[in-house]
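Shown below: my_file-v9.pdb, with PDB, C-alpha atoms, pLDDT in the B column.
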```pdb
ATOM      1  CA  MET F 116     134.810  96.437 118.516  1.00 52.00           C
ATOM      2  CA  LYS F 117     138.464  95.328 118.539  1.00 57.00           C
ATOM      3  CA  LYS F 118     139.469  91.786 117.585  1.00 60.00           C
ATOM      4  CA  LYS F 119     140.475  90.863 121.163  1.00 62.00           C
ATOM      5  CA  SER F 120     137.203  92.214 122.545  1.00 68.00           C
ATOM      6  CA  LEU F 121     135.241  90.293 119.916  1.00 70.00           C
ATOM      7  CA  THR F 122     137.091  87.075 120.732  1.00 79.00           C
ATOM      8  CA  SER F 123     136.433  87.527 124.452  1.00 80.00           C
ATOM      9  CA  ALA F 124     132.743  88.222 123.813  1.00 79.00           C
ATOM     10  CA  VAL F 125     132.356  85.142 121.599  1.00 82.00           C
ATOM     11  CA  VAL F 126     134.127  82.910 124.142  1.00 88.00           C
ATOM     12  CA  ALA F 127     131.901  84.255 126.951  1.00 89.00           C
ATOM     13  CA  LEU F 128     128.739  83.618 124.908  1.00 89.00           C
ATOM     14  CA  VAL F 129     129.830  80.089 124.002  1.00 91.00           C
ATOM     15  CA  ILE F 130     130.516  79.344 127.676  1.00 93.00           C
ATOM     16  CA  LEU F 131     127.137  80.785 128.668  1.00 92.00           C
ATOM     17  CA  LEU F 132     125.383  78.670 126.021  1.00 92.00           C
ATOM     18  CA  ALA F 133     127.223  75.572 127.258  1.00 94.00           C
ATOM     19  CA  VAL F 134     126.228  76.309 130.872  1.00 93.00           C
ATOM     20  CA  LEU F 135     122.596  76.745 129.823  1.00 93.00           C
ATOM     21  CA  ASN F 136     122.603  73.362 128.101  1.00 94.00           C
ATOM     22  CA  LEU F 137     124.325  71.650 131.033  1.00 94.00           C
ATOM     23  CA  ILE F 138     121.736  73.005 133.442  1.00 93.00           C
ATOM     24  CA  ALA F 139     118.832  72.222 131.108  1.00 91.00           C
ATOM     25  CA  PHE F 140     119.770  68.610 130.333  1.00 92.00           C
ATOM     26  CA  LEU F 141     121.700  67.425 133.397  1.00 92.00           C
ATOM     27  CA  ALA F 142     119.396  68.801 136.074  1.00 91.00           C
ATOM     28  CA  PRO F 143     116.340  66.610 136.829  1.00 90.00           C
ATOM     29  CA  PHE F 144     113.786  68.992 135.353  1.00 89.00           C
ATOM     30  CA  ARG F 145     110.356  67.982 134.117  1.00 90.00           C
ATOM     31  CA  ARG F 146     110.688  68.924 130.464  1.00 90.00           C
ATOM     32  CA  GLU F 147     107.197  70.155 129.780  1.00 90.00           C
ATOM     33  CA  ASP F 148     105.957  73.095 127.662  1.00 92.00           C
ATOM     34  CA  SER F 149     107.125  75.836 130.029  1.00 92.00           C
ATOM     35  CA  PHE F 150     110.576  74.228 130.214  1.00 93.00           C
ATOM     36  CA  TRP F 151     110.990  74.337 126.442  1.00 94.00           C
ATOM     37  CA  ILE F 152     109.763  77.924 126.260  1.00 95.00           C
ATOM     38  CA  GLY F 153     112.323  79.004 128.854  1.00 94.00           C
ATOM     39  CA  TYR F 154     115.107  77.032 127.175  1.00 95.00           C
ATOM     40  CA  SER F 155     114.262  78.257 123.649  1.00 95.00           C
ATOM     41  CA  PHE F 156     114.001  81.938 124.516  1.00 96.00           C
ATOM     42  CA  SER F 157     117.200  81.815 126.582  1.00 95.00           C
ATOM     43  CA  THR F 158     119.095  80.137 123.733  1.00 95.00           C
ATOM     44  CA  PHE F 159     117.745  82.716 121.303  1.00 95.00           C
ATOM     45  CA  ALA F 160     118.832  85.560 123.606  1.00 95.00           C
ATOM     46  CA  ILE F 161     122.423  84.272 123.602  1.00 93.00           C
ATOM     47  CA  LEU F 162     122.428  83.783 119.815  1.00 93.00           C
ATOM     48  CA  LEU F 163     120.925  87.251 119.324  1.00 92.00           C
ATOM     49  CA  HIS F 164     123.721  88.766 121.397  1.00 91.00           C
ATOM     50  CA  PHE F 165     126.252  86.913 119.240  1.00 89.00           C
ATOM     51  CA  GLY F 166     124.572  88.040 115.995  1.00 88.00           C
ATOM     52  CA  VAL F 167     124.370  91.679 117.051  1.00 85.00           C
ATOM     53  CA  THR F 168     128.024  91.623 118.148  1.00 81.00           C
ATOM     54  CA  ILE F 169     129.120  90.306 114.736  1.00 81.00           C
ATOM     55  CA  PHE F 170     126.789  92.606 112.773  1.00 77.00           C
ATOM     56  CA  TYR F 171     128.102  95.789 114.375  1.00 69.00           C
ATOM     57  CA  LEU F 172     131.745  94.691 114.245  1.00 61.00           C
ATOM     58  CA  GLY F 173     133.851  97.651 113.060  1.00 56.00           C
ATOM     59  CA  ARG F 174     130.871 100.033 112.886  1.00 59.00           C
ATOM     60  CA  GLY F 175     131.779 101.985 115.997  1.00 58.00           C
ATOM     61  CA  LYS F 176     129.849 102.449 119.194  1.00 64.00           C
ATOM     62  CA  MET F 177     126.146 102.707 118.407  1.00 68.00           C
ATOM     63  CA  THR F 178     123.672 104.300 120.812  1.00 70.00           C
ATOM     64  CA  SER F 179     119.983 103.506 120.727  1.00 70.00           C
ATOM     65  CA  ARG F 180     117.819 106.524 120.003  1.00 71.00           C
ATOM     66  CA  PHE F 181     114.960 104.694 121.705  1.00 73.00           C
ATOM     67  CA  TYR F 182     116.698 104.104 125.051  1.00 76.00           C
ATOM     68  CA  GLY F 183     119.792 106.300 124.880  1.00 74.00           C
ATOM     69  CA  LEU F 184     121.968 103.305 125.785  1.00 80.00           C
ATOM     70  CA  PRO F 185     124.814 101.645 123.849  1.00 80.00           C
ATOM     71  CA  MET F 186     123.616  98.744 121.729  1.00 81.00           C
ATOM     72  CA  GLU F 187     125.827  96.191 123.507  1.00 83.00           C
ATOM     73  CA  ILE F 188     124.296  97.129 126.870  1.00 87.00           C
ATOM     74  CA  ILE F 189     120.765  96.635 125.509  1.00 89.00           C
ATOM     75  CA  VAL F 190     121.424  93.087 124.253  1.00 90.00           C
ATOM     76  CA  THR F 191     123.386  92.211 127.400  1.00 91.00           C
ATOM     77  CA  ILE F 192     120.564  93.354 129.694  1.00 94.00           C
ATOM     78  CA  TYR F 193     118.044  91.402 127.618  1.00 94.00           C
ATOM     79  CA  MET F 194     120.202  88.290 127.648  1.00 94.00           C
ATOM     80  CA  ILE F 195     120.624  88.397 131.447  1.00 94.00           C
ATOM     81  CA  ILE F 196     116.900  88.955 132.044  1.00 96.00           C
ATOM     82  CA  GLN F 197     115.919  86.172 129.672  1.00 96.00           C
ATOM     83  CA  PHE F 198     118.530  83.793 131.111  1.00 94.00           C
ATOM     84  CA  VAL F 199     117.058  84.259 134.591  1.00 95.00           C
ATOM     85  CA  LEU F 200     113.499  83.895 133.283  1.00 95.00           C
ATOM     86  CA  GLY F 201     114.501  80.788 131.382  1.00 94.00           C
ATOM     87  CA  LEU F 202     115.899  79.170 134.509  1.00 94.00           C
ATOM     88  CA  VAL F 203     112.693  79.988 136.404  1.00 94.00           C
ATOM     89  CA  PHE F 204     110.529  78.418 133.682  1.00 93.00           C
ATOM     90  CA  MET F 205     112.759  75.336 133.542  1.00 92.00           C
ATOM     91  CA  ILE F 206     112.737  74.897 137.330  1.00 92.00           C
ATOM     92  CA  PHE F 207     108.962  75.391 137.545  1.00 91.00           C
ATOM     93  CA  PRO F 208     107.507  73.685 134.459  1.00 81.00           C
ATOM     94  CA  ALA F 209     104.009  73.856 135.948  1.00 87.00           C
ATOM     95  CA  ILE F 210     103.869  77.545 135.055  1.00 91.00           C
ATOM     96  CA  ALA F 211     101.158  78.120 132.459  1.00 93.00           C
ATOM     97  CA  THR F 212     102.424  78.047 128.879  1.00 93.00           C
ATOM     98  CA  TRP F 213     100.642  81.249 127.924  1.00 94.00           C
ATOM     99  CA  PHE F 214     102.165  83.047 130.918  1.00 94.00           C
ATOM    100  CA  SER F 215     105.754  81.949 130.257  1.00 94.00           C
ATOM    101  CA  THR F 216     105.390  82.824 126.572  1.00 95.00           C
ATOM    102  CA  ILE F 217     104.080  86.339 127.225  1.00 95.00           C
ATOM    103  CA  ILE F 218     106.704  87.029 129.896  1.00 95.00           C
ATOM    104  CA  SER F 219     109.441  85.920 127.476  1.00 95.00           C
ATOM    105  CA  VAL F 220     108.107  87.930 124.550  1.00 95.00           C
ATOM    106  CA  VAL F 221     107.974  91.223 126.473  1.00 95.00           C
ATOM    107  CA  PRO F 222     111.760  91.651 127.057  1.00 94.00           C
ATOM    108  CA  LEU F 223     112.488  90.347 123.552  1.00 94.00           C
ATOM    109  CA  THR F 224     110.217  92.992 122.053  1.00 93.00           C
ATOM    110  CA  ALA F 225     111.810  95.703 124.192  1.00 92.00           C
ATOM    111  CA  CYS F 226     115.271  94.614 123.027  1.00 91.00           C
ATOM    112  CA  LEU F 227     114.326  94.507 119.339  1.00 89.00           C
ATOM    113  CA  LEU F 228     112.805  97.990 119.565  1.00 87.00           C
ATOM    114  CA  GLY F 229     116.098  99.317 120.887  1.00 84.00           C
ATOM    115  CA  LEU F 230     118.089  97.598 118.135  1.00 80.00           C
ATOM    116  CA  ILE F 231     115.766  98.852 115.385  1.00 76.00           C
ATOM    117  CA  ALA F 232     116.094 102.391 116.742  1.00 60.00           C
ATOM    118  CA  THR F 233     119.870 101.993 116.790  1.00 58.00           C
ATOM    119  CA  ASP F 234     120.020 100.928 113.165  1.00 53.00           C
ATOM    120  CA  ALA F 235     117.587 103.671 112.105  1.00 52.00           C
ATOM    121  CA  ALA F 236     119.689 106.299 113.890  1.00 53.00           C
ATOM    122  CA  LYS F 237     122.788 105.050 112.073  1.00 57.00           C
ATOM    123  CA  ARG F 238     121.067 105.370 108.688  1.00 60.00           C
ATOM    124  CA  VAL F 239     119.927 108.914 109.516  1.00 55.00           C
ATOM    125  CA  ILE F 240     123.485 109.941 110.421  1.00 55.00           C
ATOM    126  CA  GLU F 241     124.874 108.381 107.238  1.00 57.00           C
ATOM    127  CA  ASN F 242     122.247 110.131 105.100  1.00 57.00           C
ATOM    128  CA  GLU F 243     122.983 113.476 106.740  1.00 55.00           C
ATOM    129  CA  ASP F 244     126.708 112.996 106.083  1.00 55.00           C
ATOM    130  CA  GLU F 245     126.019 112.220 102.426  1.00 56.00           C
ATOM    131  CA  VAL F 246     123.830 115.316 102.031  1.00 53.00           C
ATOM    132  CA  THR F 247     126.452 117.535 103.682  1.00 54.00           C
ATOM    133  CA  ALA F 248     129.211 116.114 101.471  1.00 58.00           C
ATOM    134  CA  SER F 249     127.182 116.790  98.311  1.00 58.00           C
ATOM    135  CA  LYS F 250     126.422 120.357  99.394  1.00 61.00           C
ATOM    136  CA  VAL F 251     130.055 121.304 100.049  1.00 73.00           C
ATOM    137  CA  PHE F 252     131.328 119.591  96.886  1.00 81.00           C
ATOM    138  CA  TYR F 253     130.393 122.522  94.634  1.00 80.00           C
ATOM    139  CA  ILE F 254     132.551 125.156  96.290  1.00 84.00           C
ATOM    140  CA  ARG F 255     135.469 122.775  96.854  1.00 86.00           C
ATOM    141  CA  SER F 256     135.391 121.720  93.203  1.00 87.00           C
ATOM    142  CA  LEU F 257     135.267 125.335  92.017  1.00 88.00           C
ATOM    143  CA  GLN F 258     138.208 126.232  94.225  1.00 88.00           C
ATOM    144  CA  ALA F 259     140.251 123.316  92.849  1.00 90.00           C
ATOM    145  CA  ASP F 260     139.467 124.359  89.256  1.00 91.00           C
ATOM    146  CA  ILE F 261     140.611 127.940  89.833  1.00 92.00           C
ATOM    147  CA  GLU F 262     143.800 126.886  91.603  1.00 91.00           C
ATOM    148  CA  GLY F 263     144.517 124.622  88.645  1.00 91.00           C
ATOM    149  CA  MET F 264     144.200 127.626  86.308  1.00 93.00           C
ATOM    150  CA  ILE F 265     146.752 129.555  88.388  1.00 91.00           C
ATOM    151  CA  GLY F 266     149.332 126.875  87.710  1.00 88.00           C
ATOM    152  CA  ARG F 267     148.647 126.995  83.966  1.00 89.00           C
ATOM    153  CA  THR F 268     149.298 130.705  83.401  1.00 88.00           C
ATOM    154  CA  GLN F 269     152.566 132.634  83.367  1.00 87.00           C
ATOM    155  CA  ASP F 270     151.078 136.126  83.026  1.00 89.00           C
ATOM    156  CA  GLY F 271     151.622 138.061  86.263  1.00 90.00           C
ATOM    157  CA  SER F 272     148.458 140.179  86.146  1.00 90.00           C
ATOM    158  CA  LEU F 273     146.288 137.181  85.246  1.00 91.00           C
ATOM    159  CA  LYS F 274     147.880 135.064  87.955  1.00 91.00           C
ATOM    160  CA  LYS F 275     147.162 137.777  90.557  1.00 93.00           C
ATOM    161  CA  ALA F 276     143.553 138.097  89.401  1.00 92.00           C
ATOM    162  CA  LEU F 277     143.112 134.330  89.634  1.00 93.00           C
ATOM    163  CA  ARG F 278     144.585 134.290  93.151  1.00 93.00           C
ATOM    164  CA  ASP F 279     142.111 136.985  94.220  1.00 93.00           C
ATOM    165  CA  LEU F 280     139.249 134.932  92.763  1.00 92.00           C
ATOM    166  CA  ALA F 281     140.564 131.809  94.487  1.00 91.00           C
ATOM    167  CA  GLU F 282     140.603 133.678  97.815  1.00 91.00           C
ATOM    168  CA  ASP F 283     137.000 134.795  97.291  1.00 91.00           C
ATOM    169  CA  VAL F 284     135.960 131.213  96.655  1.00 90.00           C
ATOM    170  CA  ARG F 285     138.052 129.817  99.529  1.00 88.00           C
ATOM    171  CA  TYR F 286     136.282 132.033 102.050  1.00 86.00           C
ATOM    172  CA  SER F 287     132.837 131.519 100.552  1.00 84.00           C
ATOM    173  CA  ASP F 288     130.093 129.670 102.392  1.00 80.00           C
ATOM    174  CA  PRO F 289     130.759 125.994 101.589  1.00 77.00           C
ATOM    175  CA  MET F 290     127.121 124.922 101.921  1.00 74.00           C
ATOM    176  CA  SER F 291     125.140 124.900  98.718  1.00 73.00           C
ATOM    177  CA  ALA F 292     121.337 124.917  98.388  1.00 75.00           C
ATOM    178  CA  ASP F 293     118.678 124.255  95.766  1.00 77.00           C
ATOM    179  CA  ALA F 294     117.810 127.970  95.679  1.00 82.00           C
ATOM    180  CA  LEU F 295     121.359 128.730  94.509  1.00 83.00           C
ATOM    181  CA  ALA F 296     121.355 126.213  91.669  1.00 85.00           C
ATOM    182  CA  THR F 297     120.811 128.722  88.828  1.00 89.00           C
ATOM    183  CA  LEU F 298     123.476 131.108  90.090  1.00 89.00           C
ATOM    184  CA  GLU F 299     125.965 128.318  90.790  1.00 88.00           C
ATOM    185  CA  ASN F 300     125.424 126.851  87.328  1.00 90.00           C
ATOM    186  CA  LYS F 301     126.155 130.276  85.865  1.00 93.00           C
ATOM    187  CA  ILE F 302     129.370 130.534  87.872  1.00 92.00           C
ATOM    188  CA  SER F 303     130.427 127.037  86.778  1.00 90.00           C
ATOM    189  CA  SER F 304     129.709 127.853  83.143  1.00 93.00           C
ATOM    190  CA  LYS F 305     131.744 131.046  83.255  1.00 92.00           C
ATOM    191  CA  ALA F 306     134.564 129.256  85.070  1.00 92.00           C
ATOM    192  CA  GLY F 307     134.647 126.828  82.149  1.00 92.00           C
ATOM    193  CA  ASP F 308     134.820 129.762  79.725  1.00 93.00           C
ATOM    194  CA  LEU F 309     137.649 131.236  81.795  1.00 92.00           C
ATOM    195  CA  ASP F 310     139.630 128.022  81.544  1.00 91.00           C
ATOM    196  CA  THR F 311     139.213 128.063  77.761  1.00 92.00           C
ATOM    197  CA  MET F 312     140.394 131.701  77.550  1.00 92.00           C
ATOM    198  CA  ILE F 313     143.479 130.943  79.622  1.00 91.00           C
ATOM    199  CA  ALA F 314     144.330 127.926  77.476  1.00 89.00           C
ATOM    200  CA  SER F 315     144.055 130.015  74.291  1.00 90.00           C
ATOM    201  CA  GLY F 316     146.074 132.944  75.708  1.00 89.00           C
ATOM    202  CA  ARG F 317     143.226 135.490  75.750  1.00 91.00           C
ATOM    203  CA  THR F 318     144.594 137.229  78.821  1.00 90.00           C
ATOM    204  CA  GLU F 319     142.625 140.500  78.720  1.00 91.00           C
ATOM    205  CA  GLU F 320     139.300 138.703  78.237  1.00 92.00           C
ATOM    206  CA  ALA F 321     140.213 136.342  81.062  1.00 91.00           C
ATOM    207  CA  VAL F 322     140.955 139.203  83.469  1.00 92.00           C
ATOM    208  CA  SER F 323     137.629 140.840  82.576  1.00 93.00           C
ATOM    209  CA  LEU F 324     135.754 137.558  83.109  1.00 94.00           C
ATOM    210  CA  ILE F 325     137.466 137.069  86.480  1.00 93.00           C
ATOM    211  CA  ALA F 326     136.048 140.408  87.627  1.00 94.00           C
ATOM    212  CA  GLU F 327     132.570 139.222  86.594  1.00 94.00           C
ATOM    213  CA  LEU F 328     133.075 135.905  88.400  1.00 94.00           C
ATOM    214  CA  ARG F 329     134.092 137.681  91.593  1.00 93.00           C
ATOM    215  CA  GLN F 330     130.867 139.668  91.483  1.00 94.00           C
ATOM    216  CA  LEU F 331     128.854 136.465  90.990  1.00 92.00           C
ATOM    217  CA  VAL F 332     130.647 134.791  93.910  1.00 91.00           C
ATOM    218  CA  THR F 333     129.887 137.838  96.079  1.00 91.00           C
ATOM    219  CA  GLU F 334     126.230 137.627  95.027  1.00 91.00           C
ATOM    220  CA  ARG F 335     126.160 133.914  95.901  1.00 89.00           C
ATOM    221  CA  ASN F 336     127.588 134.576  99.361  1.00 86.00           C
ATOM    222  CA  ALA F 337     125.009 137.280  99.998  1.00 89.00           C
ATOM    223  CA  LYS F 338     122.198 134.897  99.040  1.00 88.00           C
ATOM    224  CA  CYS F 339     123.700 132.199 101.274  1.00 84.00           C
ATOM    225  CA  ARG F 340     123.466 134.580 104.213  1.00 83.00           C
ATOM    226  CA  MET F 341     119.869 135.424 103.326  1.00 84.00           C
ATOM    227  CA  LEU F 342     118.906 131.743 103.232  1.00 79.00           C
ATOM    228  CA  LYS F 343     120.206 131.269 106.791  1.00 75.00           C
ATOM    229  CA  HIS F 344     117.953 133.995 108.229  1.00 66.00           C
TER     230      HIS F 344
END
```
Can you give me the file's structure in the form of structure tokens?
Amino acid sequence: MKKKSLTSAVVALVILLAVLNLIAFLAPFRREDSFWIGYSFSTFAILLHFGVTIFYLGRGKMTSRFYGLPMEIIVTIYMIIQFVLGLVFMIFPAIATWFSTIISVVPLTACLLGLIATDAAKRVIENEDEVTASKVFYIRSLQADIEGMIGRTQDGSLKKALRDLAEDVRYSDPMSADALATLENKISSKAGDLDTMIASGRTEEAVSLIAELRQLVTERNAKCRMLKH
């Protein structure tokens, strides 16, 4: 929610709360149990709307998995319903206390269910993003390591071999998996050995190891395809 939108929402809620209090305490109502139930639940509905608005500030538009509606619509609908119910209970204080309480609790429960579902959906999305990021980290890290080796060698044949390996890695399946852990650890270990060979000028050994690494990368890609079927 933008700052201007937040300011407008807060001003509207403050005005609504002020109107509720003016009606409740200036009108000649009989302030019995049903009156206080209507007033309390209506006040809570306005404060809940304010709290939810502040809580989700800057978190983007959230949609309730439970209702399929945006979160701000859910709290607004609840607030309007409860405001109307509150006025009815204040105007007719003879309404049974148990009845006014139950009628007020029902929309509140429905609203809270929608908000809980919204927050749960957000956590699921965040967890999925974290898992995806961790799974693609391996191949991106390997690619960065190999490209770094290219910049540290001046030998033409070695540089070409490293570029070919980098291309193999670049076009590899970015998604890792637990079943690939042993093979990927082997590739990482040999990539570390390759870096050591390049640093010590063992060009022929490095070229030979690159050929082995390309075979291992090919094997990894084949297993990635198998895991998807």
(request) Measuring atom to atom with only C-alpha atoms, identify which of F:Ala321, F:Val199, F:Leu141, F:Ile206 is nearest to Met264 of chain F. (result) F:Ala321
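Considering all atoms listed in the file, the residue among F:Ala337, F:Ala139, F:Ala326, F:Val167 positioned nearest to Ala124 of chain F is F:Val167.
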Name every residue that the PyMOL selection byres ((chain F and resi 202) around 10) selects in this structure, writing the answer as a PDB file with C-alpha atoms, in the frame of the given file with chains first and numbers rising.
```
ATOM      1  CA  LEU F 135     122.596  76.745 129.823  1.00 93.00           C
ATOM      2  CA  ILE F 138     121.736  73.005 133.442  1.00 93.00           C
ATOM      3  CA  ALA F 139     118.832  72.222 131.108  1.00 91.00           C
ATOM      4  CA  PHE F 150     110.576  74.228 130.214  1.00 93.00           C
ATOM      5  CA  GLY F 153     112.323  79.004 128.854  1.00 94.00           C
ATOM      6  CA  TYR F 154     115.107  77.032 127.175  1.00 95.00           C
ATOM      7  CA  SER F 157     117.200  81.815 126.582  1.00 95.00           C
ATOM      8  CA  GLN F 197     115.919  86.172 129.672  1.00 96.00           C
ATOM      9  CA  PHE F 198     118.530  83.793 131.111  1.00 94.00           C
ATOM     10  CA  VAL F 199     117.058  84.259 134.591  1.00 95.00           C
ATOM     11  CA  LEU F 200     113.499  83.895 133.283  1.00 95.00           C
ATOM     12  CA  GLY F 201     114.501  80.788 131.382  1.00 94.00           C
ATOM     13  CA  VAL F 203     112.693  79.988 136.404  1.00 94.00           C
ATOM     14  CA  PHE F 204     110.529  78.418 133.682  1.00 93.00           C
ATOM     15  CA  MET F 205     112.759  75.336 133.542  1.00 92.00           C
ATOM     16  CA  ILE F 206     112.737  74.897 137.330  1.00 92.00           C
ATOM     17  CA  PHE F 207     108.962  75.391 137.545  1.00 91.00           C
TER      18      PHE F 207
END
```
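Closest approach to Thr268 of chain F among F:Arg335, F:Arg317, F:Arg145, F:Arg329 is made by F:Arg317 (distances from all atoms listed in the file).
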Env of Asp260 of chain F: 12 Å cut, atoms = only C-alpha atoms, seq-sep filter 5 positions within chain, self excluded. Answer as an mmCIF file with C-alpha atoms, keeping the file's coordinate frame.
```cif
data_model
loop_
_atom_site.group_PDB
_atom_site.id
_atom_site.type_symbol
_atom_site.label_atom_id
_atom_site.label_comp_id
_atom_site.auth_asym_id
_atom_site.auth_seq_id
_atom_site.Cartn_x
_atom_site.Cartn_y
_atom_site.Cartn_z
ATOM 1 C CA TYR F 253 130.393 122.522 94.634
ATOM 2 C CA ILE F 254 132.551 125.156 96.290
ATOM 3 C CA ARG F 255 135.469 122.775 96.854
ATOM 4 C CA ILE F 265 146.752 129.555 88.388
ATOM 5 C CA GLY F 266 149.332 126.875 87.710
ATOM 6 C CA ARG F 267 148.647 126.995 83.966
ATOM 7 C CA LEU F 277 143.112 134.330 89.634
ATOM 8 C CA ARG F 278 144.585 134.290 93.151
ATOM 9 C CA LEU F 280 139.249 134.932 92.763
ATOM 10 C CA ALA F 281 140.564 131.809 94.487
ATOM 11 C CA VAL F 284 135.960 131.213 96.655
ATOM 12 C CA ARG F 285 138.052 129.817 99.529
ATOM 13 C CA ILE F 302 129.370 130.534 87.872
ATOM 14 C CA SER F 303 130.427 127.037 86.778
ATOM 15 C CA LYS F 305 131.744 131.046 83.255
ATOM 16 C CA ALA F 306 134.564 129.256 85.070
ATOM 17 C CA GLY F 307 134.647 126.828 82.149
ATOM 18 C CA ASP F 308 134.820 129.762 79.725
ATOM 19 C CA LEU F 309 137.649 131.236 81.795
ATOM 20 C CA ASP F 310 139.630 128.022 81.544
#
```
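Nearest residue to Lys338 of chain F, choosing from F:Met290, F:Leu273, F:Leu121, F:Leu131 and counting all atoms listed in the file: F:Met290.
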(message) Can you tell me which residues surround Leu223 of chain F at a distance of at most 9 Å, considering only C-alpha atoms, apart from same-chain residues fewer than 5 positions away, and format the answer as a ChimeraX atom specification?
(response) /F:156,160,193-194,197,228
Take every atom of segment 310-324 of chain F listed in the file, fit an axis-aligned box around them, add 8 Å per side, and give the centre and edge lengths in Å to one decimal as lines of an AutoDock Vina configuration file.
```
center_x = 140.9
center_y = 134.4
center_z = 78.9
size_x = 26.3
size_y = 28.9
size_z = 25.2
```
(request) Given the file shown, enumerate the residues that the PyMOL selection byres ((chain F and resi 191) around 12) captures and present them as a ChimeraX atom specification. (result) /F:124,127-128,160-165,167-168,184-190,192-198,222-223,226,230
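The interatomic distance for the pair atom CA of Val322 of chain F and atom CA of Thr297 of chain F works out to 23.3 Å.
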Could you add the missing atoms to segment 315-328 of chain F, up to N, CA and C atoms, and return them as a PDB file, in the coordinates of the input?
```pdb
ATOM      1  N   SER F 315     143.819 129.427  75.615  1.00 90.00           N
ATOM      2  CA  SER F 315     144.055 130.015  74.291  1.00 90.00           C
ATOM      3  C   SER F 315     144.825 131.331  74.359  1.00 90.00           C
ATOM      4  N   GLY F 316     145.250 131.749  75.559  1.00 89.00           N
ATOM      5  CA  GLY F 316     146.074 132.944  75.708  1.00 89.00           C
ATOM      6  C   GLY F 316     145.322 134.253  75.607  1.00 89.00           C
ATOM      7  N   ARG F 317     144.024 134.249  75.817  1.00 91.00           N
ATOM      8  CA  ARG F 317     143.226 135.490  75.750  1.00 91.00           C
ATOM      9  C   ARG F 317     143.213 136.140  77.135  1.00 91.00           C
ATOM     10  N   THR F 318     144.347 136.729  77.469  1.00 90.00           N
ATOM     11  CA  THR F 318     144.594 137.229  78.821  1.00 90.00           C
ATOM     12  C   THR F 318     143.642 138.350  79.223  1.00 90.00           C
ATOM     13  N   GLU F 319     143.465 139.351  78.371  1.00 91.00           N
ATOM     14  CA  GLU F 319     142.625 140.500  78.720  1.00 91.00           C
ATOM     15  C   GLU F 319     141.178 140.068  78.944  1.00 91.00           C
ATOM     16  N   GLU F 320     140.670 139.201  78.073  1.00 92.00           N
ATOM     17  CA  GLU F 320     139.300 138.703  78.237  1.00 92.00           C
ATOM     18  C   GLU F 320     139.174 137.908  79.532  1.00 92.00           C
ATOM     19  N   ALA F 321     140.226 137.161  79.851  1.00 91.00           N
ATOM     20  CA  ALA F 321     140.213 136.342  81.062  1.00 91.00           C
ATOM     21  C   ALA F 321     140.158 137.217  82.308  1.00 91.00           C
ATOM     22  N   VAL F 322     140.945 138.291  82.308  1.00 92.00           N
ATOM     23  CA  VAL F 322     140.955 139.203  83.469  1.00 92.00           C
ATOM     24  C   VAL F 322     139.581 139.844  83.640  1.00 92.00           C
ATOM     25  N   SER F 323     138.957 140.230  82.528  1.00 93.00           N
ATOM     26  CA  SER F 323     137.629 140.840  82.576  1.00 93.00           C
ATOM     27  C   SER F 323     136.590 139.842  83.108  1.00 93.00           C
ATOM     28  N   LEU F 324     136.693 138.583  82.664  1.00 94.00           N
ATOM     29  CA  LEU F 324     135.754 137.558  83.109  1.00 94.00           C
ATOM     30  C   LEU F 324     135.947 137.233  84.599  1.00 94.00           C
ATOM     31  N   ILE F 325     137.195 137.308  85.058  1.00 93.00           N
ATOM     32  CA  ILE F 325     137.466 137.069  86.480  1.00 93.00           C
ATOM     33  C   ILE F 325     136.740 138.099  87.340  1.00 93.00           C
ATOM     34  N   ALA F 326     136.749 139.357  86.889  1.00 94.00           N
ATOM     35  CA  ALA F 326     136.048 140.408  87.627  1.00 94.00           C
ATOM     36  C   ALA F 326     134.549 140.096  87.708  1.00 94.00           C
ATOM     37  N   GLU F 327     133.988 139.586  86.605  1.00 94.00           N
ATOM     38  CA  GLU F 327     132.570 139.222  86.594  1.00 94.00           C
ATOM     39  C   GLU F 327     132.302 138.044  87.531  1.00 94.00           C
ATOM     40  N   LEU F 328     133.218 137.064  87.528  1.00 94.00           N
ATOM     41  CA  LEU F 328     133.075 135.905  88.400  1.00 94.00           C
ATOM     42  C   LEU F 328     133.134 136.293  89.881  1.00 94.00           C
TER      43      LEU F 328
END
```
